[in-house]
Structures are given as C-alpha cells and as structure tokens.
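Colleague: Can you keep this structure in mind? I'll have questions shortly.
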Number of protein chains: 2
Amino acid sequence: MTSAPVGVDDARKLEILQATWRLIAERGYHEVRVADIAKAVGTSTGTVHYHFPGKQDVLVEALRYCVKQAFARQSEELRKLEDARERLLKLIELQLPRAGQVRDEWSVWIQFWAEAALRPGLRPVHNDFYGRWRQAVVRIVEHGIAQGVFRPVDPDAFALHLSSLTDGLAIQVLTGSPQVSVTRMRDVLTDFLRDELFAAA
Amino acid sequence: MTSAPVGVDDARKLEILQATWRLIAERGYHEVRVADIAKAVGTSTGTVHYHFPGKQDVLVEALRYCVKQAFARQSEELRKLEDARERLLKLIELQLPRAGQVRDEWSVWIQFWAEAALRPGLRPVHNDFYGRWRQAVVRIVEHGIAQGVFRPVDPDAFALHLSSLTDGLAIQVLTGSPQVSVTRMRDVLTDFLRDELFAAA
DNA sequence: TGGTGACTTGACTGATGAGTCAGTTAGTAA
DNA sequence: TTACTAACTGACTCATCAGTCAAGTCACCA
C-alpha cells in the first residue's frame with residue numbers, strides 16, 4: 001500500500017511510469033524513446049520491455065498514471081477545506097500551470113487531448129478522467145448552493161463552463177501567449193466565479 | 001492571384017500543403033510520412049523534397065496554411081454581416097466543429113497547441129494567429145458596444161473569455177465527450193453571449 | 001533541331017529505434 | 001550444494017523512413 005499510491009503495485013513499473021510521464025511532458029508523446037525511458041530510470045531497454053508488452057502500453061499507462069495521481073493529489077488537498085467558496089478557489093489555485101509539476105501535468109493533458117482526438121481507443125479513458133474532474137466541481141457547486149453561499153446556478157452547466165474555460169486558458173499559458181500569464185489566468189477564473197457564482201453580499 | 005488564395009504562389013506547393021494539413025488532421029502531426037503526402041498528391045517523395053527543404057518545413061507550413069485559410073474564409077463570411085450581434089453568432093456558428101472541414105481544422109489546432117507547448121520556435125506563429133483571431137472578436141464587441149446592442153464590457157477580457165471557452169469546448173467535442181455535443185457547445189456559447197453581452201431588451 | 005532549365009521520378013542510403021533473445025545475476029527453496 | 005525462477009542486460013535484428021541523386025521528361029526558345 002505504501003508503495004502503491006495510485007494503483008501500481010510493482011516498484012519498477014512505478015519508476016518506469018513516473019519517468020515516462022515526465023518525458024512525455026518535456027519532449028512530447030511522440031518524441032519519447034524506449035531508450036530514453038530506460039536511461040531516465042537507470043536501467044536497460046530490455047527491462048522496460050520485460051514489464052510492458054510494448055512502447056504504446058508504457059505511454060498510455062503513463063498518461064493514465066499522471067492524470068490519476070494529479071487527481072488524487074488535488075482531491076487530498078481539497079478534502080481539508082469545508083467552505084465551498086474556499087474549495088473552488090483552492091481548486092483553481094491548484095490547477096494554475098506554474099512552472100514545475102503542475103505545468104508538466106498540463107503538458108501531458110494537452111498531449112492527451114491531441115491523442116484522444118485522433119485515436120478513439122483513448123477516448124473512454126480520457127472521458128472517464130474528465131468526467132470525474134467535472135463531477136468534483138459539480139459536487140462543490142451543489143454544496144455551495146445548499147450552504148447558501150452560491151447562487152442557484154445549474155451545477156452541470158457551471159462545471160462545464162468552468163472546466164472548459166480553464167482548459168482554454170491553460171492552452172494560452174502553455175503556448176506562451178503574451179496576453180495570458182498565470183496571474184491573468186487566475187484573475188479571469190476568479191472574476192468568473194465572483195460574477196457568476198458567489199452570491200451578492 | 002486566382003491560384004494563390006492565401007500566400008502560396010506555386011500550384012504544386014499548394015497541393016502539397018493542402019494534402020499535408022488534411023493528413024495532419026486525420027492521422028496526427030507525427031504520423032504523417034513524406035510518402036503519404038506524395039501519395040495523396042499523386043506524386044513522388046522526391047517532388048516533395050524538391051519543393052521543401054525537409055519534412056518539418058512541410059509540416060509547419062501546412063499548419064500555417066490551414067489556419068490562415070480558415071481565418072480568411074471566416075473573415076470573408078463575417079464581412080457580409082453588419083449587425084454586431086449577428087456577427088458574433090455567425091462566428092460561433094462557423095467555428096462549431098461539425099464533421100468535415102471545420103472539424104479537421106480543429107484537429108489541426110489541437111495538434112498545433114501540443115507542438116507549440118513543447119517547441120518554443122512555433123510559439124510566435126501560434127500567438128500571431130491566435131492574437132489575430134482574438135482581435136477580430138475585440139473589434140466586433142467594440143462595434144456592438146458603440147452600436148448600443150452590447151453591454152459596455154471590457155472587450156479584451158470578453159474576447160479572452162469567449163475564445164478560451166470555445167477552445168475548451170472544442171476539445172470536449174473532438175475527444176468525444178458524451179456530455180458535449182456540437183449542439184451543446186453552441187448552447188453554452190450562445191447562452192454566454194446572451195447573459196454577458198447582449199443588452200437587456 | 002538541339003540546347004536549356006524547371007520539374008519529376010523512384011531506387012537507393014544511412015540513421016534511427018522497437019522489439020528480441022541468449023545469457024547473467026541474485027534470491028529462495030529443497 | 002543444487003535447482004529453480006524472476007528480474008535484468010545489452011548486443012543484435014529488422015523494419016521504417018527522411019533525404020539524396022542520377023537519370024529522366026517536357027515546355028520553350030534560339
């Protein structure tokens with residue numbers, strides 16, 4: 001259990017997946033070589049093939065692993081907060097693509113979109129993750145409405161709007177748009193929450 | 001002039017770029033082979049290399065070509081309309097990723113994001129196109145405010161919100177989200193316009 | 001008629017990289 | 001000590017593909 005935070009039971013397998021998603025984030029899905037993975041883990045190409053049938057399997061597993069652990073980490077953080085308004089603001093904060101891990105995770109998401117758009121086989125996985133994330137927003141919104149701190153919006157519609165907006169802004173940040181810094185992204189998102197969701201005092 | 005709609009002066013070069021962006025849309029940026037391009041055009045790989053220094057050049061030119069002609073086509077359509085409200089609604093309509101050409105163009109956009117996020121050399125091109133598209137929205141909004149049919153919002157902020165939202169929704173459609181059909185996408189976007197921009201009657 | 005150059009061809013070369021496999025090592029049980 | 005096995009190694013094979021090049025074709029002009 002201690003060595004298997006999100007469903008990977010084998011230590012070496014875990015090392016490979018962690019190294020792989022980082023490589024995907026840095027170089028791109030199609031620029032990752034089995035030799036690169038082996039080197040990053042400090043092992044041989046044969047070992048990678050010993051644990052995974054083929055390169056595609058490593059890559060797809062790594063996508064899943066990255067998203068899964070990001071989701072788990074964020075859920076963990078949010079669980080600490082009780083107030084719906086704080087939760088949503090925290091969620092935005094956790095999602096901002098600053099340099100480092102979160103930015104790398106966004107890089108993986110963008111690759112994931114590109115792959116899922118082209119390869120129908122990836123869509124169920126993608127949509128499952130995406131649906132779970134949107135559901136998390138829905139629950140917070142419902143909670144806030146029940147608490148009386150949010151306006152009585154349609155939670156599903158609101159979650160779709162917020163998550164689409166977040167994705168669109170993240171693209172701008174990741175592609176280095178001069179108009180959209182991380183700070184600007186936060187402002188746009190928090191303004192949206194304030195104007196649409198937070199009840200007038 | 002007749003054979004050069006958007007800045008490609010050579011007939012064969014144009015054929016190659018058109019075939020290439022379609023292939024990128026269908027197979028993905030990294031799954032396009034020079035031999036595929038040659039076959040699609042009905043020529044040899046040598047010819048592709050005769051007109052372009054290398055494969056990367058063809059691919060990047062094809063990204064530019066695709067976006068440029070899509071932008072030109074939409075501008076052409078919008079120019080026909082006078083009313084700012086109609087223009088914005090038409091713009092949304094033109095951007096909906098239905099099956100066919102527009103969907104393929106969105107597929108190319110998604111690939112473009114993934115590439116630009118990883119290869120800084122592509123960012124100026126990406127940001128130039130993106131900025132131009134956002135400016136188009138800004139001008140329509142300014143026009144509408146001047147006409148008195150739009151509320152006095154901040155045009156830049158509104159354009160950023162609308163375009164980010166559009167991108168995020170398009171991702172959901174292209175990745176086959178069961179929650180987000182083309183119709184749903186239109187509804188979310190038109191609701192947004194109605195609630196935020198269109199002046200109360 | 002023959003020369004010139006733009007364009008085209010497709011067989012070839014060389015590099016790259018996924019996947020294989022015979023052999024090694026280390027751990028464990030009998 | 002021996003036997004067995006899981007994990008690992010890295011040199012090798014083989015397919016793929018970008019890019020090259022010598023040999024064309026064709027239009028046009030002198």
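A note on labels: chains of the structure tokens are A, B, ... as shown, every chain counts residues from 1, and ligands are counted from 1 in their shown order.
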Would you list which chain A residues are within 12 Å of chain C using only C-alpha atoms (C1' of nucleotides), as a PyMOL selection string?

Modeller: chain A and resi 31-36+45-50+52-56

Colleague: I need the chain B residues near chain A as a list of chain:residue names; criterion: at most 6 Å, counting only C-alpha atoms.

Modeller: B:Ile110, B:Gln111, B:Ala114, B:Ala116, B:Ala117, B:Asn127, B:Ser164, B:Leu165, B:Asp167, B:Gly168, B:Leu169, B:Leu174, B:Thr175, B:Ser177

Colleague: I need the chosen residues saved as a compact mmCIF listing (two decimals), in the first residue's frame, with C-alpha atoms.

Modeller:
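Resulting contents of again22.txt:
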# COMPACT_ATOMS: atom_id res chain seq x y z
CA ILE B 110 -5.18 20.84 -31.20
CA GLN B 111 -2.04 19.39 -32.74
CA ALA B 114 0.58 20.39 -28.41
CA ALA B 116 3.66 24.93 -29.64
CA ALA B 117 3.61 23.99 -25.95
CA ASN B 127 0.45 33.50 -30.96
CA SER B 164 -10.81 30.21 -24.20
CA LEU B 165 -14.30 28.85 -23.63
CA ASP B 167 -11.26 26.14 -27.27
CA GLY B 168 -12.13 24.22 -24.14
CA LEU B 169 -15.48 23.14 -25.52
CA LEU B 174 -13.18 16.44 -30.53
CA THR B 175 -12.34 13.96 -27.79
CA SER B 177 -17.11 13.63 -24.58

Colleague: What does chain A look like after a least-squares fit onto chain B on every Cα paired in order, written as a JSON list (two decimals) with C-alpha atoms, in the first residue's frame?

Modeller:
[["chain", "number", "residue", "atom", "x", "y", "z"],
["A", 1, "MET", "CA", -3.70, 35.74, -57.76],
["A", 2, "THR", "CA", -6.42, 33.26, -58.60],
["A", 3, "SER", "CA", -4.14, 30.35, -57.81],
["A", 4, "ALA", "CA", -2.78, 31.95, -54.65],
["A", 5, "PRO", "CA", -5.64, 32.51, -52.19],
["A", 6, "VAL", "CA", -3.49, 32.80, -49.09],
["A", 7, "GLY", "CA", 0.09, 33.48, -49.93],
["A", 8, "VAL", "CA", 1.22, 30.33, -51.73],
["A", 9, "ASP", "CA", 2.38, 31.19, -55.21],
["A", 10, "ASP", "CA", 3.28, 27.79, -56.56],
["A", 11, "ALA", "CA", 0.54, 25.39, -57.67],
["A", 12, "ARG", "CA", 2.39, 22.24, -56.71],
["A", 13, "LYS", "CA", 3.44, 23.66, -53.37],
["A", 14, "LEU", "CA", -0.20, 24.50, -52.68],
["A", 15, "GLU", "CA", -1.29, 20.95, -53.51],
["A", 16, "ILE", "CA", 1.30, 19.59, -51.12],
["A", 17, "LEU", "CA", 0.26, 21.90, -48.28],
["A", 18, "GLN", "CA", -3.43, 21.12, -48.74],
["A", 19, "ALA", "CA", -2.79, 17.39, -48.75],
["A", 20, "THR", "CA", -0.51, 17.74, -45.73],
["A", 21, "TRP", "CA", -2.88, 19.60, -43.44],
["A", 22, "ARG", "CA", -5.60, 17.08, -44.19],
["A", 23, "LEU", "CA", -3.23, 14.28, -43.29],
["A", 24, "ILE", "CA", -2.24, 16.06, -40.08],
["A", 25, "ALA", "CA", -5.93, 16.40, -39.20],
["A", 26, "GLU", "CA", -6.65, 12.74, -39.87],
["A", 27, "ARG", "CA", -3.54, 10.97, -38.63],
["A", 28, "GLY", "CA", -1.82, 13.47, -36.40],
["A", 29, "TYR", "CA", 1.26, 15.61, -36.81],
["A", 30, "HIS", "CA", 3.72, 12.86, -36.02],
["A", 31, "GLU", "CA", 2.03, 10.18, -38.07],
["A", 32, "VAL", "CA", 2.39, 11.89, -41.41],
["A", 33, "ARG", "CA", 5.00, 10.36, -43.72],
["A", 34, "VAL", "CA", 6.54, 12.06, -46.70],
["A", 35, "ALA", "CA", 5.40, 9.06, -48.71],
["A", 36, "ASP", "CA", 1.82, 9.67, -47.53],
["A", 37, "ILE", "CA", 1.95, 13.26, -48.71],
["A", 38, "ALA", "CA", 3.38, 12.24, -52.06],
["A", 39, "LYS", "CA", 0.70, 9.59, -52.48],
["A", 40, "ALA", "CA", -2.10, 12.00, -51.55],
["A", 41, "VAL", "CA", -0.87, 14.52, -54.10],
["A", 42, "GLY", "CA", -0.26, 11.79, -56.67],
["A", 43, "THR", "CA", 3.45, 12.39, -57.00],
["A", 44, "SER", "CA", 6.75, 11.08, -55.69],
["A", 45, "THR", "CA", 8.62, 11.69, -52.45],
["A", 46, "GLY", "CA", 11.35, 13.34, -54.46],
["A", 47, "THR", "CA", 8.92, 16.06, -55.55],
["A", 48, "VAL", "CA", 8.03, 16.88, -51.98],
["A", 49, "HIS", "CA", 11.72, 17.27, -51.21],
["A", 50, "TYR", "CA", 12.21, 19.29, -54.34],
["A", 51, "HIS", "CA", 9.74, 21.93, -53.11],
["A", 52, "PHE", "CA", 10.57, 21.85, -49.41],
["A", 53, "PRO", "CA", 13.95, 21.52, -47.71],
["A", 54, "GLY", "CA", 12.71, 18.92, -45.22],
["A", 55, "LYS", "CA", 9.67, 17.27, -43.75],
["A", 56, "GLN", "CA", 9.49, 19.67, -40.80],
["A", 57, "ASP", "CA", 9.21, 22.56, -43.22],
["A", 58, "VAL", "CA", 6.27, 20.95, -44.98],
["A", 59, "LEU", "CA", 4.52, 20.23, -41.70],
["A", 60, "VAL", "CA", 4.98, 23.70, -40.21],
["A", 61, "GLU", "CA", 4.01, 25.37, -43.47],
["A", 62, "ALA", "CA", 0.91, 23.19, -43.57],
["A", 63, "LEU", "CA", -0.09, 24.27, -40.06],
["A", 64, "ARG", "CA", 0.25, 27.89, -41.10],
["A", 65, "TYR", "CA", -1.60, 27.33, -44.33],
["A", 66, "CYS", "CA", -4.52, 25.59, -42.65],
["A", 67, "VAL", "CA", -5.04, 28.26, -40.01],
["A", 68, "LYS", "CA", -4.52, 31.08, -42.47],
["A", 69, "GLN", "CA", -7.10, 29.89, -44.93],
["A", 70, "ALA", "CA", -9.60, 29.10, -42.19],
["A", 71, "PHE", "CA", -9.21, 32.61, -40.86],
["A", 72, "ALA", "CA", -9.56, 34.09, -44.34],
["A", 73, "ARG", "CA", -12.71, 32.07, -45.03],
["A", 74, "GLN", "CA", -14.35, 33.13, -41.78],
["A", 75, "SER", "CA", -13.45, 36.79, -42.21],
["A", 76, "GLU", "CA", -14.99, 36.64, -45.66],
["A", 77, "GLU", "CA", -18.23, 35.25, -44.27],
["A", 78, "LEU", "CA", -18.41, 37.76, -41.44],
["A", 79, "ARG", "CA", -17.80, 40.74, -43.67],
["A", 80, "LYS", "CA", -21.27, 40.21, -45.14],
["A", 81, "LEU", "CA", -22.96, 40.95, -41.82],
["A", 82, "GLU", "CA", -23.46, 44.39, -40.41],
["A", 83, "ASP", "CA", -25.08, 43.80, -37.02],
["A", 84, "ALA", "CA", -22.58, 43.00, -34.27],
["A", 85, "ARG", "CA", -24.92, 40.54, -32.59],
["A", 86, "GLU", "CA", -25.41, 38.61, -35.82],
["A", 87, "ARG", "CA", -21.70, 38.66, -36.49],
["A", 88, "LEU", "CA", -20.81, 37.11, -33.18],
["A", 89, "LEU", "CA", -23.50, 34.46, -33.50],
["A", 90, "LYS", "CA", -22.31, 33.71, -37.03],
["A", 91, "LEU", "CA", -18.74, 33.46, -35.82],
["A", 92, "ILE", "CA", -19.77, 30.85, -33.27],
["A", 93, "GLU", "CA", -21.68, 28.99, -35.94],
["A", 94, "LEU", "CA", -18.68, 28.98, -38.28],
["A", 95, "GLN", "CA", -16.47, 27.67, -35.51],
["A", 96, "LEU", "CA", -18.58, 24.72, -34.42],
["A", 97, "PRO", "CA", -16.63, 21.53, -35.02],
["A", 98, "ARG", "CA", -19.19, 19.64, -37.08],
["A", 99, "ALA", "CA", -17.97, 16.78, -39.20],
["A", 100, "GLY", "CA", -15.96, 17.83, -42.23],
["A", 101, "GLN", "CA", -13.64, 20.72, -42.91],
["A", 102, "VAL", "CA", -14.18, 22.70, -39.71],
["A", 103, "ARG", "CA", -13.69, 19.65, -37.55],
["A", 104, "ASP", "CA", -10.48, 18.86, -39.41],
["A", 105, "GLU", "CA", -9.31, 22.40, -38.83],
["A", 106, "TRP", "CA", -9.95, 22.00, -35.11],
["A", 107, "SER", "CA", -7.98, 18.79, -35.17],
["A", 108, "VAL", "CA", -5.07, 20.72, -36.65],
["A", 109, "TRP", "CA", -5.45, 23.43, -33.98],
["A", 110, "ILE", "CA", -5.19, 20.86, -31.21],
["A", 111, "GLN", "CA", -2.05, 19.41, -32.77],
["A", 112, "PHE", "CA", -0.73, 22.93, -33.09],
["A", 113, "TRP", "CA", -1.25, 23.57, -29.37],
["A", 114, "ALA", "CA", 0.57, 20.41, -28.44],
["A", 115, "GLU", "CA", 3.48, 21.30, -30.71],
["A", 116, "ALA", "CA", 3.64, 24.96, -29.67],
["A", 117, "ALA", "CA", 3.60, 24.02, -25.99],
["A", 118, "LEU", "CA", 6.73, 21.93, -26.56],
["A", 119, "ARG", "CA", 8.60, 23.74, -29.29],
["A", 120, "PRO", "CA", 9.15, 27.42, -28.52],
["A", 121, "GLY", "CA", 10.00, 28.06, -32.16],
["A", 122, "LEU", "CA", 6.36, 27.59, -33.10],
["A", 123, "ARG", "CA", 5.01, 29.98, -30.50],
["A", 124, "PRO", "CA", 5.39, 33.22, -32.43],
["A", 125, "VAL", "CA", 3.42, 31.74, -35.32],
["A", 126, "HIS", "CA", 0.80, 30.35, -32.99],
["A", 127, "ASN", "CA", 0.44, 33.53, -30.99],
["A", 128, "ASP", "CA", 0.27, 35.65, -34.09],
["A", 129, "PHE", "CA", -2.67, 33.66, -35.43],
["A", 130, "TYR", "CA", -4.33, 33.48, -32.06],
["A", 131, "GLY", "CA", -3.94, 37.19, -31.45],
["A", 132, "ARG", "CA", -5.46, 37.98, -34.82],
["A", 133, "TRP", "CA", -8.49, 35.83, -34.09],
["A", 134, "ARG", "CA", -8.98, 37.39, -30.68],
["A", 135, "GLN", "CA", -8.65, 40.85, -32.20],
["A", 136, "ALA", "CA", -11.46, 40.01, -34.59],
["A", 137, "VAL", "CA", -13.68, 39.33, -31.58],
["A", 138, "VAL", "CA", -12.51, 42.52, -29.88],
["A", 139, "ARG", "CA", -13.51, 44.60, -32.90],
["A", 140, "ILE", "CA", -16.96, 43.04, -33.11],
["A", 141, "VAL", "CA", -17.51, 43.65, -29.40],
["A", 142, "GLU", "CA", -16.36, 47.26, -29.64],
["A", 143, "HIS", "CA", -18.62, 47.74, -32.60],
["A", 144, "GLY", "CA", -21.57, 46.27, -30.71],
["A", 145, "ILE", "CA", -20.95, 48.45, -27.70],
["A", 146, "ALA", "CA", -20.79, 51.52, -29.94],
["A", 147, "GLN", "CA", -24.02, 50.42, -31.60],
["A", 148, "GLY", "CA", -25.57, 50.12, -28.16],
["A", 149, "VAL", "CA", -26.57, 46.48, -28.65],
["A", 150, "PHE", "CA", -23.89, 45.14, -26.29],
["A", 151, "ARG", "CA", -23.29, 45.97, -22.66],
["A", 152, "PRO", "CA", -20.17, 48.03, -21.99],
["A", 153, "VAL", "CA", -17.90, 45.09, -21.11],
["A", 154, "ASP", "CA", -14.11, 45.11, -21.39],
["A", 155, "PRO", "CA", -13.66, 43.95, -24.99],
["A", 156, "ASP", "CA", -10.26, 42.34, -24.41],
["A", 157, "ALA", "CA", -11.36, 40.44, -21.35],
["A", 158, "PHE", "CA", -14.51, 39.33, -23.09],
["A", 159, "ALA", "CA", -12.63, 38.13, -26.17],
["A", 160, "LEU", "CA", -10.22, 36.14, -24.02],
["A", 161, "HIS", "CA", -13.07, 34.55, -22.12],
["A", 162, "LEU", "CA", -15.01, 33.69, -25.26],
["A", 163, "SER", "CA", -12.09, 32.25, -27.17],
["A", 164, "SER", "CA", -10.81, 30.22, -24.21],
["A", 165, "LEU", "CA", -14.28, 28.87, -23.63],
["A", 166, "THR", "CA", -14.59, 27.97, -27.30],
["A", 167, "ASP", "CA", -11.25, 26.15, -27.28],
["A", 168, "GLY", "CA", -12.11, 24.24, -24.14],
["A", 169, "LEU", "CA", -15.47, 23.15, -25.51],
["A", 170, "ALA", "CA", -13.97, 22.16, -28.84],
["A", 171, "ILE", "CA", -11.57, 19.86, -27.03],
["A", 172, "GLN", "CA", -14.51, 18.12, -25.40],
["A", 173, "VAL", "CA", -16.27, 17.70, -28.72],
["A", 174, "LEU", "CA", -13.16, 16.45, -30.50],
["A", 175, "THR", "CA", -12.31, 13.97, -27.76],
["A", 176, "GLY", "CA", -15.84, 12.60, -27.95],
["A", 177, "SER", "CA", -17.08, 13.64, -24.54],
["A", 178, "PRO", "CA", -20.54, 12.13, -24.04],
["A", 179, "GLN", "CA", -21.56, 15.35, -22.25],
["A", 180, "VAL", "CA", -20.62, 17.76, -25.01],
["A", 181, "SER", "CA", -22.17, 17.51, -28.45],
["A", 182, "VAL", "CA", -21.87, 20.20, -31.09],
["A", 183, "THR", "CA", -25.36, 21.35, -30.14],
["A", 184, "ARG", "CA", -24.45, 21.58, -26.49],
["A", 185, "MET", "CA", -21.36, 23.56, -27.40],
["A", 186, "ARG", "CA", -23.46, 26.07, -29.34],
["A", 187, "ASP", "CA", -25.90, 26.37, -26.45],
["A", 188, "VAL", "CA", -23.18, 27.06, -23.92],
["A", 189, "LEU", "CA", -21.63, 29.71, -26.14],
["A", 190, "THR", "CA", -24.86, 31.46, -27.09],
["A", 191, "ASP", "CA", -26.05, 31.39, -23.47],
["A", 192, "PHE", "CA", -22.80, 33.04, -22.53],
["A", 193, "LEU", "CA", -23.29, 35.78, -25.12],
["A", 194, "ARG", "CA", -26.89, 36.32, -24.07],
["A", 195, "ASP", "CA", -26.11, 36.52, -20.35],
["A", 196, "GLU", "CA", -22.95, 38.57, -20.51],
["A", 197, "LEU", "CA", -23.04, 40.68, -23.61],
["A", 198, "PHE", "CA", -26.42, 41.22, -25.15],
["A", 199, "ALA", "CA", -28.09, 44.20, -23.56],
["A", 200, "ALA", "CA", -31.35, 43.61, -21.75],
["A", 201, "ALA", "CA", -34.24, 44.58, -24.05]]

Colleague: Pull out every residue of chain D that has at least one atom within 12 Å of chain B, counting only C-alpha atoms (C1' of nucleotides), and report them as a ChimeraX atom specification.

Modeller: /D:16-21

Colleague: If you keep C-alpha atoms (C1' of nucleotides), can you produce a file of those selected residues as a tab-separated table (two decimals), in the first residue's frame?

Modeller:
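What landed in result20.tsv:
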chain	number	residue	atom	x	y	z
D	16	DT	C1'	10.79	2.10	-41.32
D	17	DC	C1'	11.54	6.43	-43.33
D	18	DA	C1'	13.85	11.07	-44.42
D	19	DG	C1'	16.61	12.67	-47.55
D	20	DT	C1'	19.80	12.07	-51.93
D	21	DC	C1'	20.83	11.63	-56.56
